[in-house]
Amino acid sequence: MSHLLEGKVALVTGAGHGIGRGHALELARHGAQVVVNDLGGSVSGEGSGKDADDVVALIKEAGGEAIADYGDVSSDADVELMIGRAVDAFGKLDVVVNNAGIVRDKVVWKMTPEDFDKVIAVHLRGTWLTSHYAAQHWRERAKAGERLNARIINTTSGAGLVGNFGQSNYAAAKAAVAGLTLTLSLELSRTGVTVNCIGPAANTRITASVGKWDVRIREADEIDGDEFDPMDPAVSSPLVAWLASDEAGYVNGQVLRAIGDKIHLMQPWTEAASVSNGGQRWDANELGRLLGTRLFRVQAPGLSIG
């Protein structure tokens with residue numbers, strides 16, 4: 001067993017299957033004690049179960065330590081208990097990996113307000129709630145004089161970064177998670193907490209639910225350790241383990257995508273091009289020419305003779 005995360009206590013949400021399961025197994029492999037959270041519901045957020053128990057069993061069979069939590073990340077009360085359960089079981093909490101998610105895909109004119117609200121609640125509210133209660137725990141420790149080296153690792157997706165047809169709820173939530181990451185990284189840095197965000201790509205139950213192509217779904221523990229599958233649900237888990245470690249203390253407020261054999265550092269919104277009106281009020285009649293030629297560059301400015 002690696003000692004990269006020895007002495008660390010980690011909470012992974014949505015860890016019963018897929019990417020979260022891969023994260024939980026990887027963190028435990030590197031010595032972390034893991035709280036495996038999973039509501040045990042369907043990919044659309046219905047029902048509940050004890051899928052987390054299977055992951056806990058796998059970790060214990062490999063010689064690690066883990067406990068299960070079946071809370072709903074969108075529930076204030078459940079998340080407060082979730083953080084408390086980690087502290088009660090292992091004495092503290094060092095790492096929060098926000099992975100829990102559901103999908104309810106429909107084009108905007110067919111999506112119901114409930115479909116929108118539920119997806120936002122799980123992805124965005126859930127990420128905020130775990131960060132909120134973990135931050136309270138860490139601030140108490142910091143006020144008591146402890147020097148912290150804690151981590152929040154959030155999850156975005158390509159849908160949130162570039163959009164995806166039929167996923168206005170999911171894309172909005174995932175874009176918001178990236179924005180939340182940037183703000184939390186500023187708010188918590190003085191407490192000794194870094195906040196980063198990953199964007200994984202993998203074959204999971206959610207991928208299969210899209211239904212546009214045949215997807216072979218395998219859990220992370222069903223893939224041999226020497227095999228490279230670019231759509232392995234655990235393809236991003238080594239990155240998560242490293243971000244959770246003390247080595248990654250200099251990385252804060254970053255969005256990283258882990259796709260196949262590549263890791264991409266994403267840039268936040270920046271000014272790609274600008275036009276100025278020299279301190280004068282804009283004239284709507286003139287904007288079309290200026291924007292078309294100098295900002296969007298879709299029109300030819302013409303030759304200048306002089």
# chains A, B, ... in the order shown; residues from 1 in each chain; ligands from 1
$ residues_around --residues "Ile259 in chain A" --least-positions-apart "5" --cutoff "10 Å" --atoms "only C-alpha atoms" --output "ChimeraX atom specification"
/A:199-202,230-232,235-236,264
$ write_last_selection --atoms "N, CA, C and O atoms" --output "JSON list (two decimals), in the first residue's frame"
[["chain", "number", "residue", "atom", "x", "y", "z"],
["A", 199, "GLY", "N", -12.45, 17.32, -14.17],
["A", 199, "GLY", "CA", -13.47, 16.98, -15.17],
["A", 199, "GLY", "C", -13.11, 15.64, -15.79],
["A", 199, "GLY", "O", -12.34, 15.59, -16.74],
["A", 200, "PRO", "N", -13.62, 14.54, -15.24],
["A", 200, "PRO", "CA", -13.28, 13.21, -15.77],
["A", 200, "PRO", "C", -14.13, 12.82, -16.96],
["A", 200, "PRO", "O", -15.19, 13.40, -17.20],
["A", 201, "ALA", "N", -13.65, 11.84, -17.70],
["A", 201, "ALA", "CA", -14.44, 11.23, -18.79],
["A", 201, "ALA", "C", -14.33, 9.73, -18.63],
["A", 201, "ALA", "O", -13.23, 9.19, -18.55],
["A", 202, "ALA", "N", -15.47, 9.05, -18.55],
["A", 202, "ALA", "CA", -15.45, 7.61, -18.29],
["A", 202, "ALA", "C", -16.78, 6.99, -18.69],
["A", 202, "ALA", "O", -17.79, 7.69, -18.81],
["A", 230, "PRO", "N", -9.04, 3.75, -21.65],
["A", 230, "PRO", "CA", -9.21, 5.20, -21.60],
["A", 230, "PRO", "C", -10.53, 5.65, -21.01],
["A", 230, "PRO", "O", -10.66, 6.81, -20.61],
["A", 231, "MET", "N", -11.51, 4.74, -20.94],
["A", 231, "MET", "CA", -12.80, 5.08, -20.35],
["A", 231, "MET", "C", -13.03, 4.38, -19.02],
["A", 231, "MET", "O", -14.16, 4.25, -18.55],
["A", 232, "ASP", "N", -11.95, 3.93, -18.42],
["A", 232, "ASP", "CA", -11.99, 3.36, -17.07],
["A", 232, "ASP", "C", -12.58, 4.40, -16.12],
["A", 232, "ASP", "O", -12.17, 5.56, -16.12],
["A", 235, "VAL", "N", -10.01, 6.41, -14.27],
["A", 235, "VAL", "CA", -8.91, 7.01, -15.01],
["A", 235, "VAL", "C", -8.46, 8.32, -14.38],
["A", 235, "VAL", "O", -7.29, 8.70, -14.46],
["A", 236, "SER", "N", -9.36, 9.04, -13.72],
["A", 236, "SER", "CA", -9.00, 10.31, -13.07],
["A", 236, "SER", "C", -8.65, 10.15, -11.60],
["A", 236, "SER", "O", -8.23, 11.11, -10.95],
["A", 264, "HIS", "N", -5.47, 17.85, -18.69],
["A", 264, "HIS", "CA", -5.49, 19.20, -19.25],
["A", 264, "HIS", "C", -5.73, 20.22, -18.14],
["A", 264, "HIS", "O", -6.66, 20.06, -17.34]]
$ select_by_dssp --residues "range 189-287 of chain A" --states "strand (DSSP E)" --output "number ranges by chain"
A: 193-200, 255-259, 262-266
$ write_last_selection --atoms "N, CA, C and O atoms" --output "PDB file, in the first residue's frame"
ATOM      1  N   VAL A 193      -6.851  25.263   3.418  1.00  0.00           N
ATOM      2  CA  VAL A 193      -7.632  24.361   2.576  1.00  0.00           C
ATOM      3  C   VAL A 193      -7.456  24.767   1.113  1.00  0.00           C
ATOM      4  O   VAL A 193      -7.602  25.941   0.774  1.00  0.00           O
ATOM      5  N   THR A 194      -7.128  23.809   0.253  1.00  0.00           N
ATOM      6  CA  THR A 194      -7.140  24.075  -1.176  1.00  0.00           C
ATOM      7  C   THR A 194      -8.410  23.494  -1.780  1.00  0.00           C
ATOM      8  O   THR A 194      -8.942  22.484  -1.305  1.00  0.00           O
ATOM      9  N   VAL A 195      -8.886  24.150  -2.838  1.00  0.00           N
ATOM     10  CA  VAL A 195     -10.114  23.717  -3.506  1.00  0.00           C
ATOM     11  C   VAL A 195      -9.839  23.680  -5.003  1.00  0.00           C
ATOM     12  O   VAL A 195      -9.517  24.706  -5.606  1.00  0.00           O
ATOM     13  N   ASN A 196      -9.952  22.502  -5.579  1.00  0.00           N
ATOM     14  CA  ASN A 196      -9.726  22.315  -7.003  1.00  0.00           C
ATOM     15  C   ASN A 196     -10.872  21.519  -7.602  1.00  0.00           C
ATOM     16  O   ASN A 196     -11.740  21.015  -6.889  1.00  0.00           O
ATOM     17  N   CYS A 197     -10.866  21.399  -8.908  1.00  0.00           N
ATOM     18  CA  CYS A 197     -11.981  20.774  -9.619  1.00  0.00           C
ATOM     19  C   CYS A 197     -11.438  19.905 -10.737  1.00  0.00           C
ATOM     20  O   CYS A 197     -10.513  20.319 -11.454  1.00  0.00           O
ATOM     21  N   ILE A 198     -11.996  18.719 -10.893  1.00  0.00           N
ATOM     22  CA  ILE A 198     -11.600  17.832 -11.981  1.00  0.00           C
ATOM     23  C   ILE A 198     -12.779  17.608 -12.924  1.00  0.00           C
ATOM     24  O   ILE A 198     -13.941  17.688 -12.519  1.00  0.00           O
ATOM     25  N   GLY A 199     -12.451  17.323 -14.170  1.00  0.00           N
ATOM     26  CA  GLY A 199     -13.465  16.977 -15.168  1.00  0.00           C
ATOM     27  C   GLY A 199     -13.114  15.642 -15.788  1.00  0.00           C
ATOM     28  O   GLY A 199     -12.341  15.593 -16.741  1.00  0.00           O
ATOM     29  N   PRO A 200     -13.622  14.542 -15.242  1.00  0.00           N
ATOM     30  CA  PRO A 200     -13.279  13.209 -15.767  1.00  0.00           C
ATOM     31  C   PRO A 200     -14.131  12.823 -16.961  1.00  0.00           C
ATOM     32  O   PRO A 200     -15.195  13.396 -17.200  1.00  0.00           O
ATOM     33  N   VAL A 255      -8.944  24.066 -12.428  1.00  0.00           N
ATOM     34  CA  VAL A 255      -9.845  23.098 -13.061  1.00  0.00           C
ATOM     35  C   VAL A 255      -8.993  22.238 -13.989  1.00  0.00           C
ATOM     36  O   VAL A 255      -8.324  22.751 -14.888  1.00  0.00           O
ATOM     37  N   LEU A 256      -9.008  20.943 -13.752  1.00  0.00           N
ATOM     38  CA  LEU A 256      -8.207  19.992 -14.519  1.00  0.00           C
ATOM     39  C   LEU A 256      -9.123  18.952 -15.137  1.00  0.00           C
ATOM     40  O   LEU A 256     -10.012  18.424 -14.465  1.00  0.00           O
ATOM     41  N   ARG A 257      -8.908  18.642 -16.401  1.00  0.00           N
ATOM     42  CA  ARG A 257      -9.666  17.568 -17.038  1.00  0.00           C
ATOM     43  C   ARG A 257      -8.756  16.356 -17.211  1.00  0.00           C
ATOM     44  O   ARG A 257      -7.600  16.490 -17.636  1.00  0.00           O
ATOM     45  N   ALA A 258      -9.257  15.193 -16.864  1.00  0.00           N
ATOM     46  CA  ALA A 258      -8.530  13.935 -17.025  1.00  0.00           C
ATOM     47  C   ALA A 258      -9.288  13.098 -18.037  1.00  0.00           C
ATOM     48  O   ALA A 258     -10.349  12.543 -17.726  1.00  0.00           O
ATOM     49  N   ILE A 259      -8.751  13.028 -19.245  1.00  0.00           N
ATOM     50  CA  ILE A 259      -9.427  12.333 -20.337  1.00  0.00           C
ATOM     51  C   ILE A 259      -8.446  11.357 -20.970  1.00  0.00           C
ATOM     52  O   ILE A 259      -7.416  11.762 -21.523  1.00  0.00           O
ATOM     53  N   LYS A 262      -4.496  11.757 -20.977  1.00  0.00           N
ATOM     54  CA  LYS A 262      -4.095  13.164 -20.896  1.00  0.00           C
ATOM     55  C   LYS A 262      -4.741  13.867 -19.706  1.00  0.00           C
ATOM     56  O   LYS A 262      -5.885  13.582 -19.336  1.00  0.00           O
ATOM     57  N   ILE A 263      -3.999  14.795 -19.131  1.00  0.00           N
ATOM     58  CA  ILE A 263      -4.512  15.703 -18.112  1.00  0.00           C
ATOM     59  C   ILE A 263      -4.370  17.114 -18.656  1.00  0.00           C
ATOM     60  O   ILE A 263      -3.280  17.526 -19.060  1.00  0.00           O
ATOM     61  N   HIS A 264      -5.474  17.851 -18.685  1.00  0.00           N
ATOM     62  CA  HIS A 264      -5.492  19.196 -19.245  1.00  0.00           C
ATOM     63  C   HIS A 264      -5.733  20.219 -18.138  1.00  0.00           C
ATOM     64  O   HIS A 264      -6.664  20.064 -17.340  1.00  0.00           O
ATOM     65  N   LEU A 265      -4.927  21.258 -18.094  1.00  0.00           N
ATOM     66  CA  LEU A 265      -5.190  22.392 -17.221  1.00  0.00           C
ATOM     67  C   LEU A 265      -6.088  23.359 -17.979  1.00  0.00           C
ATOM     68  O   LEU A 265      -5.734  23.844 -19.052  1.00  0.00           O
ATOM     69  N   MET A 266      -7.260  23.615 -17.443  1.00  0.00           N
ATOM     70  CA  MET A 266      -8.222  24.484 -18.103  1.00  0.00           C
ATOM     71  C   MET A 266      -8.028  25.924 -17.635  1.00  0.00           C
ATOM     72  O   MET A 266      -7.707  26.178 -16.473  1.00  0.00           O
TER      73      MET A 266
END
$ residues_around --residues "range 275-291 of chain A" --least-positions-apart "4" --cutoff "12 Å" --atoms "only C-alpha atoms" --output "PDB file with N, CA, C and O atoms, in the first residue's frame"
ATOM      1  N   GLU A 271     -10.338  37.524 -21.254  1.00  0.00           N
ATOM      2  CA  GLU A 271     -10.682  38.399 -22.368  1.00  0.00           C
ATOM      3  C   GLU A 271      -9.951  37.924 -23.626  1.00  0.00           C
ATOM      4  O   GLU A 271      -8.740  38.096 -23.736  1.00  0.00           O
ATOM      5  N   LEU A 295     -14.082  42.280 -32.879  1.00  0.00           N
ATOM      6  CA  LEU A 295     -14.286  41.392 -31.727  1.00  0.00           C
ATOM      7  C   LEU A 295     -14.513  39.956 -32.187  1.00  0.00           C
ATOM      8  O   LEU A 295     -13.737  39.066 -31.850  1.00  0.00           O
ATOM      9  N   PHE A 296     -15.562  39.713 -32.970  1.00  0.00           N
ATOM     10  CA  PHE A 296     -15.846  38.365 -33.446  1.00  0.00           C
ATOM     11  C   PHE A 296     -15.035  38.015 -34.687  1.00  0.00           C
ATOM     12  O   PHE A 296     -14.835  36.842 -34.993  1.00  0.00           O
ATOM     13  N   ARG A 297     -14.594  39.035 -35.431  1.00  0.00           N
ATOM     14  CA  ARG A 297     -13.759  38.852 -36.618  1.00  0.00           C
ATOM     15  C   ARG A 297     -14.417  37.936 -37.662  1.00  0.00           C
ATOM     16  O   ARG A 297     -13.777  37.060 -38.227  1.00  0.00           O
ATOM     17  N   VAL A 298     -15.691  38.143 -37.861  1.00  0.00           N
ATOM     18  CA  VAL A 298     -16.424  37.371 -38.862  1.00  0.00           C
ATOM     19  C   VAL A 298     -16.665  38.198 -40.121  1.00  0.00           C
ATOM     20  O   VAL A 298     -17.231  37.699 -41.094  1.00  0.00           O
ATOM     21  N   GLN A 299     -16.271  39.461 -40.109  1.00  0.00           N
ATOM     22  CA  GLN A 299     -16.427  40.323 -41.246  1.00  0.00           C
ATOM     23  C   GLN A 299     -15.069  40.917 -41.618  1.00  0.00           C
ATOM     24  O   GLN A 299     -14.233  41.163 -40.748  1.00  0.00           O
ATOM     25  N   ALA A 300     -14.867  41.127 -42.902  1.00  0.00           N
ATOM     26  CA  ALA A 300     -13.615  41.739 -43.342  1.00  0.00           C
ATOM     27  C   ALA A 300     -13.675  43.248 -43.117  1.00  0.00           C
ATOM     28  O   ALA A 300     -14.662  43.890 -43.493  1.00  0.00           O
ATOM     29  N   PRO A 301     -12.642  43.829 -42.531  1.00  0.00           N
ATOM     30  CA  PRO A 301     -12.668  45.267 -42.290  1.00  0.00           C
ATOM     31  C   PRO A 301     -12.464  46.079 -43.547  1.00  0.00           C
ATOM     32  O   PRO A 301     -12.728  47.286 -43.569  1.00  0.00           O
ATOM     33  N   GLY A 302     -12.003  45.454 -44.641  1.00  0.00           N
ATOM     34  CA  GLY A 302     -11.733  46.179 -45.880  1.00  0.00           C
ATOM     35  C   GLY A 302     -10.339  46.775 -45.890  1.00  0.00           C
ATOM     36  O   GLY A 302      -9.642  46.788 -44.869  1.00  0.00           O
TER      37      GLY A 302
END
$ residues_around --residues "Ile19 in chain A" --least-positions-apart "3" --cutoff "9 Å" --atoms "only C-alpha atoms" --output "JSON, numbers by chain"
{"A": [14, 15, 16, 22, 23, 24, 99, 200, 201, 202, 203, 204, 219, 220, 232, 233, 234, 235, 236, 237]}
$ write_last_selection --atoms "C-alpha atoms" --output "PDB file, in the first residue's frame"
ATOM      1  CA  GLY A  14     -21.536   9.231  -4.847  1.00  0.00           C
ATOM      2  CA  ALA A  15     -18.949   6.499  -4.307  1.00  0.00           C
ATOM      3  CA  GLY A  16     -21.132   3.420  -4.708  1.00  0.00           C
ATOM      4  CA  GLY A  22     -12.819   4.464  -8.355  1.00  0.00           C
ATOM      5  CA  HIS A  23     -11.870   7.491  -6.244  1.00  0.00           C
ATOM      6  CA  ALA A  24     -12.715   5.759  -2.960  1.00  0.00           C
ATOM      7  CA  ASN A  99     -18.571  13.402  -6.956  1.00  0.00           C
ATOM      8  CA  PRO A 200     -13.279  13.209 -15.767  1.00  0.00           C
ATOM      9  CA  ALA A 201     -14.437  11.234 -18.787  1.00  0.00           C
ATOM     10  CA  ALA A 202     -15.447   7.608 -18.295  1.00  0.00           C
ATOM     11  CA  ASN A 203     -18.001   4.943 -19.073  1.00  0.00           C
ATOM     12  CA  THR A 204     -20.446   4.842 -16.174  1.00  0.00           C
ATOM     13  CA  GLU A 219     -16.618  -0.911 -12.254  1.00  0.00           C
ATOM     14  CA  ALA A 220     -13.113   0.213 -11.340  1.00  0.00           C
ATOM     15  CA  ASP A 232     -11.985   3.360 -17.066  1.00  0.00           C
ATOM     16  CA  PRO A 233     -14.151   5.007 -14.364  1.00  0.00           C
ATOM     17  CA  ALA A 234     -10.972   5.325 -12.280  1.00  0.00           C
ATOM     18  CA  VAL A 235      -8.907   7.010 -15.014  1.00  0.00           C
ATOM     19  CA  SER A 236      -9.004  10.306 -13.073  1.00  0.00           C
ATOM     20  CA  SER A 237      -8.621   8.742  -9.619  1.00  0.00           C
TER      21      SER A 237
END
$ atom_distance --atom1 "CA of Asn149 in chain A" --atom2 "CA of Val240 in chain A"
15.2 Å
$ closest_residue --among "A:Asp94, A:Glu227, A:Asp53, A:Asp38" --to "Arg151 in chain A" --atoms "only C-alpha atoms"
A:Asp94
$ closest_residue --among "A:Val119, A:Ser245, A:Gly145, A:Asn252" --to "Leu182 in chain A" --atoms "only C-alpha atoms"
A:Asn252
$ closest_residue --among "A:Lys50, A:Arg218, A:Leu11, A:Lys143" --to "Arg190 in chain A" --atoms "only C-alpha atoms"
A:Lys143
$ closest_residue --among "A:Leu148, A:Leu124, A:Val87, A:Val43" --to "Ala178 in chain A" --atoms "only C-alpha atoms"
A:Leu124
$ select_by_dssp --residues "range 49-256 of chain A" --states "alpha helix (DSSP H)" --output "number ranges by chain"
A: 52-61, 76-90, 113-120, 126-143, 158-162, 168-188, 205-210, 237-244
$ residues_around --residues "Leu27 in chain A" --least-positions-apart "2" --cutoff "9 Å" --atoms "only C-alpha atoms" --output "PyMOL selection string"
chain A and resi 4-5+10+22-25+29-34+237-238+240-241+244
$ write_last_selection --atoms "all heavy atoms" --output "compact mmCIF listing (two decimals), in the first residue's frame"
# COMPACT_ATOMS: atom_id res chain seq x y z
N LEU A 4 1.06 7.73 0.35
CA LEU A 4 0.83 9.10 -0.09
C LEU A 4 -0.21 9.80 0.77
O LEU A 4 -0.09 11.00 1.05
CB LEU A 4 0.38 9.09 -1.55
CG LEU A 4 0.18 10.44 -2.23
CD1 LEU A 4 1.51 11.16 -2.39
CD2 LEU A 4 -0.49 10.26 -3.60
N LEU A 5 -1.24 9.06 1.22
CA LEU A 5 -2.34 9.65 1.98
C LEU A 5 -2.45 9.06 3.38
O LEU A 5 -3.52 9.15 4.01
CB LEU A 5 -3.66 9.47 1.22
CG LEU A 5 -3.72 10.13 -0.16
CD1 LEU A 5 -5.01 9.78 -0.86
CD2 LEU A 5 -3.57 11.64 -0.04
N ALA A 10 -10.82 10.82 4.33
CA ALA A 10 -11.45 11.36 3.13
C ALA A 10 -12.91 10.96 3.05
O ALA A 10 -13.28 9.82 3.38
CB ALA A 10 -10.72 10.88 1.88
N GLY A 22 -14.23 4.47 -8.01
CA GLY A 22 -12.82 4.46 -8.35
C GLY A 22 -12.02 5.37 -7.44
O GLY A 22 -10.92 5.02 -7.00
N HIS A 23 -12.56 6.56 -7.15
CA HIS A 23 -11.87 7.49 -6.24
C HIS A 23 -11.70 6.89 -4.85
O HIS A 23 -10.61 6.97 -4.26
CB HIS A 23 -12.66 8.79 -6.11
CG HIS A 23 -12.75 9.61 -7.35
ND1 HIS A 23 -11.91 9.43 -8.43
CD2 HIS A 23 -13.59 10.64 -7.68
CE1 HIS A 23 -12.22 10.31 -9.37
NE2 HIS A 23 -13.23 11.04 -8.94
N ALA A 24 -12.77 6.32 -4.31
CA ALA A 24 -12.72 5.76 -2.96
C ALA A 24 -11.67 4.65 -2.87
O ALA A 24 -10.88 4.60 -1.91
CB ALA A 24 -14.09 5.24 -2.55
N LEU A 25 -11.65 3.77 -3.85
CA LEU A 25 -10.68 2.67 -3.85
C LEU A 25 -9.25 3.19 -3.97
O LEU A 25 -8.33 2.70 -3.31
CB LEU A 25 -10.99 1.70 -4.99
CG LEU A 25 -12.32 0.94 -4.89
CD1 LEU A 25 -12.58 0.14 -6.16
CD2 LEU A 25 -12.34 0.02 -3.67
N ARG A 29 -6.24 2.94 -1.31
CA ARG A 29 -5.00 2.28 -1.74
C ARG A 29 -3.77 3.07 -1.31
O ARG A 29 -2.71 2.50 -1.07
CB ARG A 29 -5.04 2.11 -3.26
CG ARG A 29 -3.93 1.23 -3.83
CD ARG A 29 -4.12 1.02 -5.33
NE ARG A 29 -5.38 0.33 -5.60
CZ ARG A 29 -6.38 0.83 -6.32
NH1 ARG A 29 -6.29 2.04 -6.85
NH2 ARG A 29 -7.47 0.12 -6.53
N HIS A 30 -3.93 4.38 -1.19
CA HIS A 30 -2.81 5.23 -0.79
C HIS A 30 -2.81 5.54 0.70
O HIS A 30 -2.07 6.42 1.14
CB HIS A 30 -2.82 6.51 -1.61
CG HIS A 30 -2.46 6.29 -3.05
ND1 HIS A 30 -1.17 6.08 -3.48
CD2 HIS A 30 -3.23 6.22 -4.17
CE1 HIS A 30 -1.15 5.91 -4.79
NE2 HIS A 30 -2.39 5.98 -5.23
N GLY A 31 -3.64 4.82 1.46
CA GLY A 31 -3.56 4.91 2.91
C GLY A 31 -4.61 5.73 3.60
O GLY A 31 -4.62 5.83 4.83
N ALA A 32 -5.52 6.35 2.86
CA ALA A 32 -6.56 7.16 3.49
C ALA A 32 -7.63 6.29 4.12
O ALA A 32 -7.94 5.20 3.63
CB ALA A 32 -7.20 8.09 2.47
N GLN A 33 -8.21 6.77 5.21
CA GLN A 33 -9.43 6.20 5.76
C GLN A 33 -10.59 6.88 5.06
O GLN A 33 -10.62 8.11 4.95
CB GLN A 33 -9.49 6.44 7.27
CG GLN A 33 -8.34 5.78 8.03
CD GLN A 33 -8.24 6.29 9.46
OE1 GLN A 33 -8.09 7.48 9.69
NE2 GLN A 33 -8.31 5.39 10.42
N VAL A 34 -11.53 6.09 4.57
CA VAL A 34 -12.51 6.64 3.62
C VAL A 34 -13.95 6.48 4.14
O VAL A 34 -14.34 5.40 4.59
CB VAL A 34 -12.39 5.94 2.25
CG1 VAL A 34 -13.37 6.56 1.25
CG2 VAL A 34 -10.97 6.04 1.72
N SER A 237 -8.80 8.94 -11.06
CA SER A 237 -8.62 8.74 -9.62
C SER A 237 -7.19 8.97 -9.14
O SER A 237 -6.99 9.52 -8.04
CB SER A 237 -9.10 7.34 -9.22
OG SER A 237 -10.49 7.21 -9.48
N PRO A 238 -6.14 8.60 -9.89
CA PRO A 238 -4.79 8.95 -9.44
C PRO A 238 -4.59 10.46 -9.31
O PRO A 238 -3.89 10.92 -8.40
CB PRO A 238 -3.89 8.35 -10.53
CG PRO A 238 -4.68 7.20 -11.08
CD PRO A 238 -6.10 7.68 -11.07
N VAL A 240 -6.96 12.59 -8.50
CA VAL A 240 -7.66 12.95 -7.26
C VAL A 240 -6.81 12.61 -6.05
O VAL A 240 -6.70 13.40 -5.10
CB VAL A 240 -9.03 12.23 -7.20
CG1 VAL A 240 -9.66 12.38 -5.82
CG2 VAL A 240 -9.95 12.80 -8.27
N ALA A 241 -6.19 11.43 -6.06
CA ALA A 241 -5.34 11.03 -4.93
C ALA A 241 -4.18 12.01 -4.76
O ALA A 241 -3.84 12.39 -3.63
CB ALA A 241 -4.82 9.61 -5.15
N ALA A 244 -5.29 15.27 -3.35
CA ALA A 244 -5.62 15.13 -1.94
C ALA A 244 -4.38 15.10 -1.04
O ALA A 244 -4.49 15.25 0.17
CB ALA A 244 -6.43 13.85 -1.72
$ closest_residue --among "A:Gly292, A:Gly7, A:Gly18, A:Gly126" --to "Phe90 in chain A" --atoms "only C-alpha atoms"
A:Gly7
$ residues_around --residues "range 79-86 of chain A" --least-positions-apart "6" --cutoff "9 Å" --atoms "only C-alpha atoms" --output "NGL selection string"
:A and (9-11 or 34-35 or 37 or 67 or 69-73 or 92-93 or 126 or 129-130 or 133-134 or 137)
$ write_last_selection --atoms "N, CA, C and O atoms" --output "short mmCIF file (atom, residue, chain, number, x, y, z; two decimals), in the first residue's frame"
data_model
loop_
_atom_site.label_atom_id
_atom_site.label_comp_id
_atom_site.auth_asym_id
_atom_site.auth_seq_id
_atom_site.Cartn_x
_atom_site.Cartn_y
_atom_site.Cartn_z
N VAL A 9 -8.09 11.41 6.32
CA VAL A 9 -9.47 10.92 6.34
C VAL A 9 -10.21 11.61 5.20
O VAL A 9 -10.22 12.85 5.10
N ALA A 10 -10.82 10.82 4.33
CA ALA A 10 -11.45 11.36 3.13
C ALA A 10 -12.91 10.96 3.05
O ALA A 10 -13.28 9.82 3.38
N LEU A 11 -13.74 11.88 2.60
CA LEU A 11 -15.14 11.62 2.27
C LEU A 11 -15.29 11.69 0.76
O LEU A 11 -14.87 12.67 0.14
N VAL A 34 -11.53 6.09 4.57
CA VAL A 34 -12.51 6.64 3.62
C VAL A 34 -13.95 6.48 4.14
O VAL A 34 -14.34 5.40 4.59
N VAL A 35 -14.69 7.58 4.05
CA VAL A 35 -16.13 7.54 4.23
C VAL A 35 -16.74 7.42 2.84
O VAL A 35 -16.61 8.33 2.01
N ASN A 37 -19.75 7.56 0.72
CA ASN A 37 -21.14 8.02 0.70
C ASN A 37 -21.82 7.63 -0.60
O ASN A 37 -21.25 7.79 -1.69
N ILE A 67 -15.90 3.34 6.14
CA ILE A 67 -17.26 3.20 6.65
C ILE A 67 -18.22 3.69 5.57
O ILE A 67 -17.83 4.46 4.68
N ASP A 69 -21.82 5.59 4.30
CA ASP A 69 -22.80 6.61 4.62
C ASP A 69 -23.82 6.62 3.49
O ASP A 69 -23.45 6.59 2.31
N TYR A 70 -25.10 6.67 3.85
CA TYR A 70 -26.16 6.56 2.85
C TYR A 70 -26.93 7.87 2.68
O TYR A 70 -28.04 7.88 2.17
N GLY A 71 -26.33 8.98 3.09
CA GLY A 71 -27.02 10.26 3.08
C GLY A 71 -27.22 10.85 1.69
O GLY A 71 -26.50 10.54 0.74
N ASP A 72 -28.19 11.74 1.61
CA ASP A 72 -28.51 12.48 0.39
C ASP A 72 -27.72 13.79 0.43
O ASP A 72 -27.92 14.62 1.32
N VAL A 73 -26.84 14.01 -0.54
CA VAL A 73 -25.98 15.20 -0.51
C VAL A 73 -26.76 16.50 -0.67
O VAL A 73 -26.25 17.57 -0.34
N LYS A 92 -11.37 13.07 12.64
CA LYS A 92 -11.20 14.30 11.87
C LYS A 92 -11.66 14.05 10.44
O LYS A 92 -12.07 12.94 10.08
N LEU A 93 -11.55 15.11 9.61
CA LEU A 93 -11.79 15.00 8.18
C LEU A 93 -10.76 15.87 7.48
O LEU A 93 -10.54 17.02 7.87
N GLY A 126 -25.40 20.04 -3.37
CA GLY A 126 -24.66 19.00 -2.68
C GLY A 126 -23.19 19.35 -2.50
O GLY A 126 -22.61 19.14 -1.43
N LEU A 129 -23.05 22.13 0.15
CA LEU A 129 -23.33 21.68 1.52
C LEU A 129 -22.14 20.96 2.14
O LEU A 129 -21.78 21.22 3.30
N THR A 130 -21.53 20.04 1.41
CA THR A 130 -20.38 19.34 1.99
C THR A 130 -19.25 20.32 2.26
O THR A 130 -18.57 20.23 3.29
N TYR A 133 -20.17 22.44 5.55
CA TYR A 133 -19.98 21.78 6.85
C TYR A 133 -18.53 21.36 7.07
O TYR A 133 -18.03 21.39 8.20
N ALA A 134 -17.84 20.98 6.02
CA ALA A 134 -16.41 20.67 6.16
C ALA A 134 -15.64 21.93 6.54
O ALA A 134 -14.73 21.87 7.39
N HIS A 137 -15.91 22.61 10.19
CA HIS A 137 -15.04 21.68 10.91
C HIS A 137 -13.59 22.17 10.86
O HIS A 137 -12.88 22.20 11.89
#
$ atom_distance --atom1 "CA of Ala173 in chain A" --atom2 "CA of Phe116 in chain A"
9.3 Å
$ closest_residue --among "A:Ala121, A:Val12, A:Ala77, A:Ala66" --to "Asn98 in chain A" --atoms "only C-alpha atoms"
A:Val12
$ closest_atom_pairs --of "range 47-128 of chain A" --to "range 174-177 of chain A" --cutoff "9 Å" --atoms "only C-alpha atoms" --output "tab-separated table"
residue	atom	partner	partner_atom	distance
A:Ile120	CA	A:Lys174	CA	8.7
A:His123	CA	A:Lys174	CA	7.1
A:Leu124	CA	A:Val177	CA	6.0
A:Thr127	CA	A:Val177	CA	7.4
A:Trp128	CA	A:Val177	CA	8.5
$ write_last_selection --atoms "C-alpha atoms" --output "mmCIF file, in the first residue's frame"
data_model
loop_
_atom_site.group_PDB
_atom_site.id
_atom_site.type_symbol
_atom_site.label_atom_id
_atom_site.label_comp_id
_atom_site.auth_asym_id
_atom_site.auth_seq_id
_atom_site.Cartn_x
_atom_site.Cartn_y
_atom_site.Cartn_z
ATOM 1 C CA ILE A 120 -29.064 21.389 -9.524
ATOM 2 C CA HIS A 123 -24.624 18.582 -8.131
ATOM 3 C CA LEU A 124 -24.483 22.185 -6.977
ATOM 4 C CA THR A 127 -21.182 20.319 -3.444
ATOM 5 C CA TRP A 128 -21.896 23.500 -1.516
#
